[in-house]
>>> print(open('run.pdb').read())   # PDB, C-alpha atoms
ATOM      1  CA  MET K   1     195.200  76.385  69.284
ATOM      2  CA  ALA K   2     192.814  79.079  68.023
ATOM      3  CA  LYS K   3     192.362  77.213  64.717
ATOM      4  CA  ILE K   4     191.503  73.982  66.508
ATOM      5  CA  TYR K   5     188.926  75.802  68.614
ATOM      6  CA  TYR K   6     187.485  77.458  65.490
ATOM      7  CA  TYR K   7     187.184  74.137  63.636
ATOM      8  CA  PHE K   8     185.728  72.453  66.712
ATOM      9  CA  LYS K   9     183.010  75.128  66.871
ATOM     10  CA  GLN K  10     182.297  74.757  63.147
ATOM     11  CA  VAL K  11     182.050  70.966  63.310
ATOM     12  CA  LEU K  12     179.880  71.129  66.418
ATOM     13  CA  PHE K  13     177.594  73.723  64.819
ATOM     14  CA  TYR K  14     177.035  71.605  61.696
ATOM     15  CA  LEU K  15     176.701  68.331  63.618
ATOM     16  CA  LEU K  16     173.989  69.909  65.753
ATOM     17  CA  LEU K  17     172.304  71.285  62.632
ATOM     18  CA  ILE K  18     172.304  67.839  61.012
ATOM     19  CA  ALA K  19     170.999  66.244  64.216
ATOM     20  CA  TYR K  20     168.265  68.892  64.384
ATOM     21  CA  ILE K  21     167.235  68.241  60.763
ATOM     22  CA  PHE K  22     166.983  64.509  61.512
ATOM     23  CA  LEU K  23     164.936  65.264  64.633
ATOM     24  CA  LEU K  24     162.586  67.468  62.599
ATOM     25  CA  ALA K  25     162.191  64.803  59.916
ATOM     26  CA  GLU K  26     161.546  62.088  62.492
ATOM     27  CA  SER K  27     159.116  64.214  64.508
ATOM     28  CA  LEU K  28     157.193  65.712  61.615
ATOM     29  CA  LEU K  29     157.380  63.280  58.726
ATOM     30  CA  PHE K  30     158.137  59.828  60.114
ATOM     31  CA  LYS K  31     156.268  59.736  63.415
ATOM     32  CA  GLN K  32     153.581  57.401  62.051
ATOM     33  CA  VAL K  33     155.418  55.736  59.162
ATOM     34  CA  SER K  34     159.085  54.839  58.823
ATOM     35  CA  LEU K  35     161.077  55.832  55.765
ATOM     36  CA  PHE K  36     161.076  52.183  54.682
ATOM     37  CA  GLU K  37     157.278  51.885  54.956
ATOM     38  CA  LEU K  38     156.641  55.152  53.135
ATOM     39  CA  PHE K  39     156.354  53.618  49.675
ATOM     40  CA  ASP K  40     154.954  50.250  50.776
ATOM     41  CA  ALA K  41     151.804  49.506  48.769
ATOM     42  CA  ASP K  42     150.175  47.796  51.758
ATOM     43  CA  ARG K  43     150.507  50.664  54.214
ATOM     44  CA  THR K  44     147.471  52.532  55.451
ATOM     45  CA  ILE K  45     147.352  56.101  54.216
ATOM     46  CA  SER K  46     146.210  58.608  56.810
ATOM     47  CA  ARG K  47     145.285  61.960  55.365
ATOM     48  CA  SER K  48     143.404  64.863  56.938
ATOM     49  CA  LEU K  49     143.313  68.599  56.418
ATOM     50  CA  ASN K  50     142.344  71.422  58.776
ATOM     51  CA  LEU K  51     142.297  74.994  57.498
ATOM     52  CA  ILE K  52     140.395  76.500  60.451
ATOM     53  CA  PRO K  53     142.804  78.224  62.866
ATOM     54  CA  PHE K  54     142.872  76.828  66.435
ATOM     55  CA  LYS K  55     140.205  74.193  65.667
ATOM     56  CA  THR K  56     142.451  71.218  66.444
ATOM     57  CA  ILE K  57     143.847  72.816  69.594
ATOM     58  CA  PHE K  58     140.375  73.463  70.971
ATOM     59  CA  GLU K  59     139.196  69.964  70.011
ATOM     60  CA  TYR K  60     142.157  68.428  71.861
ATOM     61  CA  THR K  61     141.426  70.488  74.978
ATOM     62  CA  HIS K  62     137.928  69.017  75.156
ATOM     63  CA  PHE K  63     139.253  65.515  74.595
ATOM     64  CA  ASN K  64     142.520  65.462  76.541
ATOM     65  CA  LEU K  65     144.192  68.553  77.973
ATOM     66  CA  TRP K  66     147.557  66.790  78.304
ATOM     67  CA  ILE K  67     147.630  65.883  74.581
ATOM     68  CA  ALA K  68     146.630  69.453  73.670
ATOM     69  CA  LEU K  69     149.369  70.911  75.874
ATOM     70  CA  MET K  70     152.032  68.553  74.499
ATOM     71  CA  ASN K  71     150.942  69.319  70.920
ATOM     72  CA  VAL K  72     151.139  73.072  71.476
ATOM     73  CA  ILE K  73     154.425  73.017  73.392
ATOM     74  CA  GLY K  74     155.960  70.432  71.052
ATOM     75  CA  ASN K  75     155.192  72.402  67.903
ATOM     76  CA  ILE K  76     156.573  75.591  69.427
ATOM     77  CA  VAL K  77     159.723  74.111  70.988
ATOM     78  CA  LEU K  78     160.545  72.063  67.892
ATOM     79  CA  PHE K  79     160.833  75.204  65.748
ATOM     80  CA  ILE K  80     162.793  77.452  68.151
ATOM     81  CA  PRO K  81     166.130  76.076  66.891
ATOM     82  CA  LEU K  82     165.034  76.721  63.300
ATOM     83  CA  GLY K  83     164.592  80.412  64.090
ATOM     84  CA  LEU K  84     168.038  80.454  65.710
ATOM     85  CA  TYR K  85     169.734  78.619  62.840
ATOM     86  CA  LEU K  86     168.065  80.793  60.206
ATOM     87  CA  GLN K  87     169.255  83.968  61.945
ATOM     88  CA  ILE K  88     172.795  82.626  62.211
ATOM     89  CA  SER K  89     172.911  81.419  58.615
ATOM     90  CA  SER K  90     171.080  84.241  56.855
ATOM     91  CA  ARG K  91     172.586  87.506  55.734
ATOM     92  CA  ASN K  92     169.168  89.100  56.009
ATOM     93  CA  LYS K  93     168.647  89.387  59.776
ATOM     94  CA  LYS K  94     165.194  90.981  59.581
ATOM     95  CA  ALA K  95     162.677  89.167  61.763
ATOM     96  CA  LEU K  96     160.050  89.198  58.989
ATOM     97  CA  HIS K  97     162.463  87.413  56.652
ATOM     98  CA  GLY K  98     163.071  84.702  59.254
ATOM     99  CA  VAL K  99     159.376  84.332  60.061
ATOM    100  CA  VAL K 100     158.519  83.971  56.365
ATOM    101  CA  LEU K 101     161.203  81.275  55.955
ATOM    102  CA  VAL K 102     159.914  79.384  59.006
ATOM    103  CA  GLY K 103     156.378  79.664  57.616
ATOM    104  CA  VAL K 104     157.425  78.368  54.196
ATOM    105  CA  ILE K 105     159.296  75.427  55.742
ATOM    106  CA  SER K 106     156.343  74.621  58.012
ATOM    107  CA  LEU K 107     153.908  74.860  55.095
ATOM    108  CA  GLY K 108     156.188  72.568  53.089
ATOM    109  CA  VAL K 109     156.134  70.009  55.899
ATOM    110  CA  GLU K 110     152.336  70.126  56.154
ATOM    111  CA  ILE K 111     151.911  69.772  52.372
ATOM    112  CA  THR K 112     154.342  66.840  52.374
ATOM    113  CA  GLN K 113     152.410  65.159  55.200
ATOM    114  CA  TYR K 114     149.182  65.557  53.241
ATOM    115  CA  ILE K 115     150.538  64.420  49.870
ATOM    116  CA  LEU K 116     152.309  61.365  51.290
ATOM    117  CA  GLY K 117     149.390  60.530  53.596
ATOM    118  CA  ILE K 118     151.582  60.454  56.703
ATOM    119  CA  GLY K 119     149.652  62.668  59.058
ATOM    120  CA  SER K 120     147.351  65.599  59.255
ATOM    121  CA  ALA K 121     147.983  68.874  57.510
ATOM    122  CA  ASP K 122     146.884  71.473  60.037
ATOM    123  CA  ILE K 123     146.959  75.274  60.030
ATOM    124  CA  ASP K 124     147.377  75.126  63.819
ATOM    125  CA  ASP K 125     150.746  73.392  63.361
ATOM    126  CA  ILE K 126     151.873  76.134  60.982
ATOM    127  CA  ILE K 127     150.798  78.863  63.428
ATOM    128  CA  LEU K 128     152.565  77.180  66.354
ATOM    129  CA  ASN K 129     155.685  76.456  64.272
ATOM    130  CA  ILE K 130     155.901  80.090  63.183
ATOM    131  CA  PHE K 131     155.547  81.180  66.806
ATOM    132  CA  GLY K 132     158.370  78.808  67.776
ATOM    133  CA  GLY K 133     160.565  80.131  64.968
ATOM    134  CA  LEU K 134     159.800  83.690  66.076
ATOM    135  CA  LEU K 135     160.871  82.801  69.616
ATOM    136  CA  GLY K 136     164.126  81.450  68.176
ATOM    137  CA  ILE K 137     164.660  84.711  66.289
ATOM    138  CA  PHE K 138     164.080  86.728  69.470
ATOM    139  CA  ILE K 139     166.420  84.485  71.480
ATOM    140  CA  TYR K 140     169.084  85.063  68.831
ATOM    141  CA  ARG K 141     168.543  88.819  68.990
ATOM    142  CA  ILE K 142     168.739  88.883  72.796
ATOM    143  CA  ILE K 143     172.006  86.936  72.725
ATOM    144  CA  TYR K 144     173.340  89.215  69.972
ATOM    145  CA  LEU K 145     172.375  92.335  71.953
ATOM    146  CA  MET K 146     174.281  90.999  74.961
ATOM    147  CA  LEU K 147     177.410  89.920  73.027
ATOM    148  CA  LYS K 148     177.380  92.467  70.177
ATOM    149  CA  ASP K 149     179.398  90.152  67.937
ATOM    150  CA  GLU K 150     178.170  87.698  65.285
ATOM    151  CA  ASN K 151     180.847  85.042  65.921
ATOM    152  CA  LYS K 152     180.371  85.155  69.688
ATOM    153  CA  THR K 153     176.612  84.887  69.194
ATOM    154  CA  ARG K 154     177.046  81.859  66.934
ATOM    155  CA  THR K 155     179.310  80.240  69.518
ATOM    156  CA  ALA K 156     176.907  81.023  72.354
ATOM    157  CA  VAL K 157     173.935  79.612  70.428
ATOM    158  CA  THR K 158     175.891  76.466  69.540
ATOM    159  CA  PHE K 159     176.894  75.791  73.119
ATOM    160  CA  LEU K 160     173.436  76.750  74.402
ATOM    161  CA  PHE K 161     171.957  74.200  72.011
ATOM    162  CA  CYS K 162     174.478  71.611  73.279
ATOM    163  CA  LEU K 163     173.453  72.375  76.846
ATOM    164  CA  VAL K 164     169.767  72.029  76.012
ATOM    165  CA  CYS K 165     170.441  68.700  74.268
ATOM    166  CA  VAL K 166     172.392  67.361  77.247
ATOM    167  CA  CYS K 167     169.631  68.469  79.648
ATOM    168  CA  ALA K 168     166.935  66.933  77.428
ATOM    169  CA  PHE K 169     168.779  63.608  77.233
ATOM    170  CA  ALA K 170     169.363  63.674  80.998
ATOM    171  CA  CYS K 171     165.654  64.290  81.636
ATOM    172  CA  TYR K 172     164.759  61.526  79.195
ATOM    173  CA  PHE K 173     167.184  59.145  80.919
ATOM    174  CA  VAL K 174     165.776  59.940  84.357
ATOM    175  CA  LEU K 175     162.146  59.666  83.234
ATOM    176  CA  VAL K 176     162.617  56.391  81.361
ATOM    177  CA  ASN K 177     165.319  54.534  83.311
ATOM    178  CA  ILE K 178     164.768  55.749  86.853
ATOM    179  CA  MET K 179     161.099  56.723  87.037
ATOM    180  CA  GLY K 180     159.872  54.055  84.576
ATOM    181  CA  PHE K 181     157.952  56.270  82.123
ATOM    182  CA  ARG K 182     157.457  54.986  78.602
ATOM    183  CA  ILE K 183     158.387  57.725  76.175
ATOM    184  CA  LYS K 184     158.619  57.099  72.434
ATOM    185  CA  ILE K 185     160.810  59.600  70.644
ATOM    186  CA  PHE K 186     161.787  57.669  67.514
TER     187      PHE K 186
END
>>> encode(input="run.pdb", output="C-alpha cells")
Amino acid sequence: MAKIYYYFKQVLFYLLLIAYIFLLAESLLFKQVSLFELFDADRTISRSLNLIPFKTIFEYTHFNLWIALMNVIGNIVLFIPLGLYLQISSRNKKALHGVVLVGVISLGVEITQYILGIGSADIDDIILNIFGGLLGIFIYRIIYLMLKDENKTRTAVTFLFCLVCVCAFACYFVLVNIMGFRIKIF
C-alpha cells in the first residue's frame, strides 16, 4: 500500500508539473497567437520592448486600473508555482539560486516573445515574475519549516497545488456558468 501511495504522489507531482508548464506556455507565449499560427507567413507580428522598470504598470494604471491590477497579480501568481517546483527539484535550496533561475526563465520567455513577435518584452513582467517566484520559494520554506522533512514538504506542496487548482476551476465554473462572466483562459 505504501508503494502505491508513493507512486500516486510521484505521478500526481509530475502531472501537475506538466499541466503547469502548459499553462505557462499558453499564458505567456500563445495568448495572442496559437502554436499553429506561429509560423504562418500571413500573421501579424506584434513586437514591443520596454526596458524602463514600472513604466508599463504605471501606464496601465492611468488607462485602466483593472487591467493594471490583473497584469500585476497575474504575473506574480503565475510564477509562484515555479518557485515551489524549483525548490523541490533543486539540490541547491538557496533562495538566491532559485531567484536567479526564475529570472533566467522569465528573461527567456520575454526574449522569445520579442523574437517571435508574439507579445511585448517588458522588464516589468520580469520583475513581477521574479517576485512571484520568490513568493513560491518562501512558501516552500515555510512549509518545510513546519514539516521539517523534504518528502513531507513535497507531498504537502503537491496536494496544496491540487487544492488551489480545484478551487480555481470551481471559481471559474461559478463565474462563467452561474454568474455569466466571459473569461478567456485558453
>>> resolve_selection(input="run.pdb", expression="the PyMOL selection byres ((chain K and resi 14) around 12)", output="MDAnalysis selection string")
chainID K and resid 7:13 15:21 85 88:89 154:155 158 161:162
>>> write_last_selection(input="run.pdb", atoms="C-alpha atoms", output="mmCIF file, keeping the file's coordinate frame")
data_model
loop_
_atom_site.group_PDB
_atom_site.id
_atom_site.type_symbol
_atom_site.label_atom_id
_atom_site.label_comp_id
_atom_site.auth_asym_id
_atom_site.auth_seq_id
_atom_site.Cartn_x
_atom_site.Cartn_y
_atom_site.Cartn_z
ATOM 1 C CA TYR K 7 187.184 74.137 63.636
ATOM 2 C CA PHE K 8 185.728 72.453 66.712
ATOM 3 C CA LYS K 9 183.010 75.128 66.871
ATOM 4 C CA GLN K 10 182.297 74.757 63.147
ATOM 5 C CA VAL K 11 182.050 70.966 63.310
ATOM 6 C CA LEU K 12 179.880 71.129 66.418
ATOM 7 C CA PHE K 13 177.594 73.723 64.819
ATOM 8 C CA LEU K 15 176.701 68.331 63.618
ATOM 9 C CA LEU K 16 173.989 69.909 65.753
ATOM 10 C CA LEU K 17 172.304 71.285 62.632
ATOM 11 C CA ILE K 18 172.304 67.839 61.012
ATOM 12 C CA ALA K 19 170.999 66.244 64.216
ATOM 13 C CA TYR K 20 168.265 68.892 64.384
ATOM 14 C CA ILE K 21 167.235 68.241 60.763
ATOM 15 C CA TYR K 85 169.734 78.619 62.840
ATOM 16 C CA ILE K 88 172.795 82.626 62.211
ATOM 17 C CA SER K 89 172.911 81.419 58.615
ATOM 18 C CA ARG K 154 177.046 81.859 66.934
ATOM 19 C CA THR K 155 179.310 80.240 69.518
ATOM 20 C CA THR K 158 175.891 76.466 69.540
ATOM 21 C CA PHE K 161 171.957 74.200 72.011
ATOM 22 C CA CYS K 162 174.478 71.611 73.279
#
>>> atom_distance(input="run.pdb", atom1="atom CA of Phe173 of chain K", atom2="atom CA of Ile76 of chain K")
22.7 Å
>>> residues_around(input="run.pdb", residues="Leu84 of chain K", least_positions_apart="3", cutoff="10 Å", atoms="all atoms listed in the file", output="NGL selection string")
:K and (79-81 or 87-89 or 98 or 133-141 or 154 or 157-158 or 161)
>>> axis_aligned_box(input="run.pdb", around="segment 43-48 of chain K", padding_each_side="8 Å", output="AutoDock Vina command-line options")
--center_x 147.0 --center_y 57.8 --center_z 55.6 --size_x 23.1 --size_y 30.2 --size_z 18.7
>>> closest_residue(input="run.pdb", among="K:Ile67, K:Leu147, K:Leu49, K:Val109", to="Asn129 of chain K", atoms="all atoms listed in the file")
K:Val109
>>> closest_residue(input="run.pdb", among="K:Ile130, K:Ala68, K:Val164, K:Ile111", to="His97 of chain K", atoms="all atoms listed in the file")
K:Ile130
>>> build_atoms(input="run.pdb", residues="segment 168-179 of chain K", atoms="all heavy atoms", output="mmCIF file, in the frame of the given file")
data_model
loop_
_atom_site.group_PDB
_atom_site.id
_atom_site.type_symbol
_atom_site.label_atom_id
_atom_site.label_comp_id
_atom_site.auth_asym_id
_atom_site.auth_seq_id
_atom_site.Cartn_x
_atom_site.Cartn_y
_atom_site.Cartn_z
ATOM 1 N N ALA K 168 168.068 67.707 77.937
ATOM 2 C CA ALA K 168 166.935 66.933 77.428
ATOM 3 C C ALA K 168 167.218 65.436 77.523
ATOM 4 O O ALA K 168 166.354 64.661 77.953
ATOM 5 C CB ALA K 168 166.617 67.332 75.989
ATOM 6 N N PHE K 169 168.427 65.025 77.128
ATOM 7 C CA PHE K 169 168.779 63.608 77.233
ATOM 8 C C PHE K 169 168.846 63.154 78.686
ATOM 9 O O PHE K 169 168.443 62.037 79.010
ATOM 10 C CB PHE K 169 170.090 63.308 76.509
ATOM 11 C CG PHE K 169 169.958 63.285 75.021
ATOM 12 C CD1 PHE K 169 170.738 64.099 74.236
ATOM 13 C CD2 PHE K 169 169.034 62.454 74.392
ATOM 14 C CE1 PHE K 169 170.623 64.087 72.855
ATOM 15 C CE2 PHE K 169 168.904 62.433 73.018
ATOM 16 C CZ PHE K 169 169.694 63.249 72.245
ATOM 17 N N ALA K 170 169.320 64.010 79.574
ATOM 18 C CA ALA K 170 169.363 63.674 80.998
ATOM 19 C C ALA K 170 167.947 63.498 81.549
ATOM 20 O O ALA K 170 167.676 62.536 82.285
ATOM 21 C CB ALA K 170 170.126 64.742 81.779
ATOM 22 N N CYS K 171 167.053 64.408 81.201
ATOM 23 C CA CYS K 171 165.654 64.290 81.636
ATOM 24 C C CYS K 171 165.028 63.015 81.085
ATOM 25 O O CYS K 171 164.326 62.293 81.797
ATOM 26 C CB CYS K 171 164.850 65.504 81.199
ATOM 27 S SG CYS K 171 165.226 66.994 82.115
ATOM 28 N N TYR K 172 165.272 62.745 79.818
ATOM 29 C CA TYR K 172 164.759 61.526 79.195
ATOM 30 C C TYR K 172 165.277 60.294 79.927
ATOM 31 O O TYR K 172 164.523 59.374 80.247
ATOM 32 C CB TYR K 172 165.162 61.486 77.711
ATOM 33 C CG TYR K 172 164.755 60.218 77.011
ATOM 34 C CD1 TYR K 172 163.448 60.035 76.576
ATOM 35 C CD2 TYR K 172 165.675 59.195 76.787
ATOM 36 C CE1 TYR K 172 163.065 58.881 75.926
ATOM 37 C CE2 TYR K 172 165.299 58.026 76.145
ATOM 38 C CZ TYR K 172 163.996 57.871 75.719
ATOM 39 O OH TYR K 172 163.618 56.726 75.085
ATOM 40 N N PHE K 173 166.576 60.271 80.221
ATOM 41 C CA PHE K 173 167.184 59.145 80.919
ATOM 42 C C PHE K 173 166.544 58.942 82.288
ATOM 43 O O PHE K 173 166.198 57.819 82.666
ATOM 44 C CB PHE K 173 168.697 59.367 81.066
ATOM 45 C CG PHE K 173 169.389 58.252 81.779
ATOM 46 C CD1 PHE K 173 169.729 57.098 81.104
ATOM 47 C CD2 PHE K 173 169.683 58.349 83.132
ATOM 48 C CE1 PHE K 173 170.359 56.049 81.763
ATOM 49 C CE2 PHE K 173 170.314 57.311 83.799
ATOM 50 C CZ PHE K 173 170.649 56.157 83.112
ATOM 51 N N VAL K 174 166.371 60.029 83.027
ATOM 52 C CA VAL K 174 165.776 59.940 84.357
ATOM 53 C C VAL K 174 164.323 59.456 84.271
ATOM 54 O O VAL K 174 163.907 58.556 85.012
ATOM 55 C CB VAL K 174 165.860 61.298 85.100
ATOM 56 C CG1 VAL K 174 164.992 61.306 86.345
ATOM 57 C CG2 VAL K 174 167.306 61.618 85.456
ATOM 58 N N LEU K 175 163.553 60.037 83.363
ATOM 59 C CA LEU K 175 162.146 59.666 83.234
ATOM 60 C C LEU K 175 161.966 58.208 82.825
ATOM 61 O O LEU K 175 161.109 57.501 83.358
ATOM 62 C CB LEU K 175 161.429 60.573 82.240
ATOM 63 C CG LEU K 175 161.181 62.006 82.688
ATOM 64 C CD1 LEU K 175 160.659 62.840 81.526
ATOM 65 C CD2 LEU K 175 160.209 62.045 83.848
ATOM 66 N N VAL K 176 162.781 57.742 81.886
ATOM 67 C CA VAL K 176 162.617 56.391 81.361
ATOM 68 C C VAL K 176 163.290 55.354 82.259
ATOM 69 O O VAL K 176 162.678 54.361 82.643
ATOM 70 C CB VAL K 176 163.168 56.304 79.919
ATOM 71 C CG1 VAL K 176 163.225 54.869 79.431
ATOM 72 C CG2 VAL K 176 162.312 57.143 78.988
ATOM 73 N N ASN K 177 164.550 55.570 82.611
ATOM 74 C CA ASN K 177 165.319 54.534 83.311
ATOM 75 C C ASN K 177 165.164 54.552 84.830
ATOM 76 O O ASN K 177 165.326 53.520 85.461
ATOM 77 C CB ASN K 177 166.799 54.645 82.938
ATOM 78 C CG ASN K 177 167.024 54.343 81.472
ATOM 79 O OD1 ASN K 177 166.441 53.418 80.940
ATOM 80 N ND2 ASN K 177 167.842 55.142 80.829
ATOM 81 N N ILE K 178 164.874 55.683 85.404
ATOM 82 C CA ILE K 178 164.768 55.749 86.853
ATOM 83 C C ILE K 178 163.311 55.773 87.305
ATOM 84 O O ILE K 178 162.918 55.052 88.213
ATOM 85 C CB ILE K 178 165.544 56.963 87.401
ATOM 86 C CG1 ILE K 178 167.040 56.776 87.097
ATOM 87 C CG2 ILE K 178 165.307 57.145 88.890
ATOM 88 C CD1 ILE K 178 167.914 57.957 87.438
ATOM 89 N N MET K 179 162.499 56.592 86.623
ATOM 90 C CA MET K 179 161.099 56.723 87.037
ATOM 91 C C MET K 179 160.163 55.743 86.310
ATOM 92 O O MET K 179 159.006 55.619 86.687
ATOM 93 C CB MET K 179 160.633 58.169 86.849
ATOM 94 C CG MET K 179 161.451 59.142 87.691
ATOM 95 S SD MET K 179 160.954 60.834 87.467
ATOM 96 C CE MET K 179 159.464 60.859 88.418
#
